[in-house]
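**Student:** Quick one: the structure is below, and I'll ask about it shortly.
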Amino acid sequence: MKFNLSASRRITAMEDCDSSLGKLDKLTRDEVNEIIESYNAFCNATQSLLLHDHISFTTHQFVSHVHTLCKHGLQSLLTPHFLKVLEETFERNGALRFWQHFVPYAGLNNNDDINIDEDEIESVLCNALEEISLEKQYHEKCLLILVHALQSFNDQMSEEGMHNNFEAETNYLTSKYQWIVSSVLMTTLPRVFPGL
């Protein structure tokens with residue numbers, strides 16, 4: 001019985017693969033080029049967007065690339081790529097900068113002779129939290145640009161508008177981003193803070 005179930009799953013997977021490959025066989029050269037160009041442009045626009053570089057692209061161009069890729073059934077590639085770049089960018093521009101604020105205070109536990117100004121430490125903490133909060137808020141806005149682009153494609157394809165999908169997608173991606181922020185902060189925690 002186990003063998004038959006496993007064989008059945010393999011046959012189903014092969015049929016799904018054949019179906020996907022069949023779709024690829026039906027693409028024209030122009031459609032393949034359109035997909036390649038749109039995906040490359042989407043990747044570049046994602047990078048520019050997350051790096052605060054609005055000179056290289058416009059939101060309209062970003063949405064256009066998302067729509068082109070969705071039109072070809074490739075929406076499943078968009079969110080993982082966007083989240084991967086978002087995570088890398090947050091690590092570089094958010095977490096690592098955040099922890100750098102505290103490196104000068106790393107030896108406080110080992111050396112009680114260091115003269116500590118509580119106002120200075122409070123100021124450093126406030127500045128670090130403000131910086132990382134601004135970066136996080138900006139990334140959340142970028143995430144909403146992606147969600148709006150995906151939803152506007154769905155709206156074009158459906159008369160109903162699918163507002164529940166928009167809310168569910170927004171909640172899922174926001175939750176996923178919160179998890180990314182937490183995990184990146186913990187994995188980039190400098191070794192000079194052993195107690196955390």
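Lettering and numbering for the structure tokens are positional, with chains as A, B, ... in the shown order, residues counted from 1 in each chain, and ligands counted from 1 in the shown order.
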Could you name the residues that touch Asn127 in chain A at 12 Å or less, counting only C-alpha atoms, but leaving out those on the same chain fewer than 3 positions away, as a list in words?

**Tutor:**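 Once the adjacent positions are removed, what remains is Arg97, Phe98, Trp99, Gln100, His101, Phe102, Glu120, Ile121, Glu122, Ser123, Val124, Glu130, Glu131, Ile132, Ser133 and Leu134 of chain A.
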
**Student:** Taking into account only C-alpha atoms, which residue in the set A:Ser183, A:Asn93, A:Gln75, A:Asn40 is nearest to Gln151 in chain A?

**Tutor:**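 For Gln151 in chain A, the nearest of the candidates is A:Gln75.
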
**Student:** Which residues, written as a compact mmCIF listing (two decimals) with C-alpha atoms, in the first residue's frame, have at least one atom at most 7 Å from range 145-150 of chain A, with only C-alpha atoms counted and residues fewer than 3 positions away on the same chain left out?

**Tutor:**
# COMPACT_ATOMS: atom_id res chain seq x y z
CA VAL A 63 3.62 47.51 -10.81
CA VAL A 66 4.55 42.59 -11.44
CA LYS A 141 5.63 50.59 2.89
CA CYS A 142 7.65 48.79 0.21
CA PHE A 153 -3.59 42.48 -11.01
CA ASN A 154 -6.19 40.29 -9.26
CA GLU A 169 -2.01 38.73 1.69
CA THR A 170 -1.21 41.92 3.60

**Student:** Please identify which residues in range 82-131 of chain A DSSP calls helix (DSSP H, G or I) from the backbone, and express them as a PyMOL selection string.

**Tutor:** chain A and resi 82-100+103-108+118-131

**Student:** Pull C-alpha atoms from the residues just selected and write them as an mmCIF file, in the first residue's frame.

**Tutor:**
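Full text of again.cif as output:
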data_model
loop_
_atom_site.group_PDB
_atom_site.id
_atom_site.type_symbol
_atom_site.label_atom_id
_atom_site.label_comp_id
_atom_site.auth_asym_id
_atom_site.auth_seq_id
_atom_site.Cartn_x
_atom_site.Cartn_y
_atom_site.Cartn_z
ATOM 1 C CA PHE A 82 11.028 40.328 -2.640
ATOM 2 C CA LEU A 83 11.203 38.912 0.907
ATOM 3 C CA LYS A 84 14.738 37.608 0.330
ATOM 4 C CA VAL A 85 15.966 41.026 -0.816
ATOM 5 C CA LEU A 86 14.017 42.653 2.016
ATOM 6 C CA GLU A 87 15.733 40.402 4.559
ATOM 7 C CA GLU A 88 19.205 41.081 3.133
ATOM 8 C CA THR A 89 18.539 44.819 3.060
ATOM 9 C CA PHE A 90 17.190 44.881 6.610
ATOM 10 C CA GLU A 91 20.222 42.973 7.834
ATOM 11 C CA ARG A 92 22.594 45.459 6.179
ATOM 12 C CA ASN A 93 20.728 48.724 6.701
ATOM 13 C CA GLY A 94 18.765 47.966 9.833
ATOM 14 C CA ALA A 95 20.111 45.296 12.143
ATOM 15 C CA LEU A 96 23.856 45.730 11.696
ATOM 16 C CA ARG A 97 23.591 49.512 12.039
ATOM 17 C CA PHE A 98 21.364 49.063 15.081
ATOM 18 C CA TRP A 99 23.879 46.872 16.897
ATOM 19 C CA GLN A 100 26.792 49.152 15.978
ATOM 20 C CA VAL A 103 29.444 48.237 20.511
ATOM 21 C CA PRO A 104 31.196 51.048 22.448
ATOM 22 C CA TYR A 105 29.298 49.926 25.548
ATOM 23 C CA ALA A 106 30.093 46.229 25.204
ATOM 24 C CA GLY A 107 32.707 46.230 27.967
ATOM 25 C CA LEU A 108 30.480 47.737 30.633
ATOM 26 C CA GLU A 118 22.977 57.458 31.739
ATOM 27 C CA ASP A 119 21.747 60.332 29.571
ATOM 28 C CA GLU A 120 24.267 59.363 26.904
ATOM 29 C CA ILE A 121 23.178 55.722 26.947
ATOM 30 C CA GLU A 122 19.522 56.760 26.803
ATOM 31 C CA SER A 123 20.291 59.024 23.849
ATOM 32 C CA VAL A 124 22.155 56.231 22.033
ATOM 33 C CA LEU A 125 19.274 53.830 22.635
ATOM 34 C CA CYS A 126 16.694 56.365 21.411
ATOM 35 C CA ASN A 127 18.720 57.099 18.265
ATOM 36 C CA ALA A 128 19.231 53.403 17.526
ATOM 37 C CA LEU A 129 15.545 52.614 18.009
ATOM 38 C CA GLU A 130 14.482 55.588 15.898
ATOM 39 C CA GLU A 131 16.791 54.560 13.037
#

**Student:** Using only C-alpha atoms, pick whichever of A:Trp179, A:Gln156, A:Met186, A:His72 has the shortest atom-to-atom distance to Lys26 in chain A.

**Tutor:**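 Among the listed residues, the smallest separation from Lys26 in chain A belongs to A:His72.
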
**Student:** How far is it from CA of Tyr39 in chain A to CA of Lys71 in chain A, in Å with one decimal?

**Tutor:**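 Computing the Euclidean distance for CA of Tyr39 in chain A and CA of Lys71 in chain A yields 12.2 Å.
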
**Student:** So, counting only C-alpha atoms, which residue among A:Ser76, A:Thr187, A:Thr174, A:Ser64 is closest to Ser152 in chain A?

**Tutor:**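 Closest to Ser152 in chain A of all the choices is A:Ser64.
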
**Student:** Any idea what the distance is between CA of Val184 in chain A and CA of Phe42 in chain A?

**Tutor:**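 Atom-to-atom, CA of Val184 in chain A and CA of Phe42 in chain A are spaced 24.2 Å apart.
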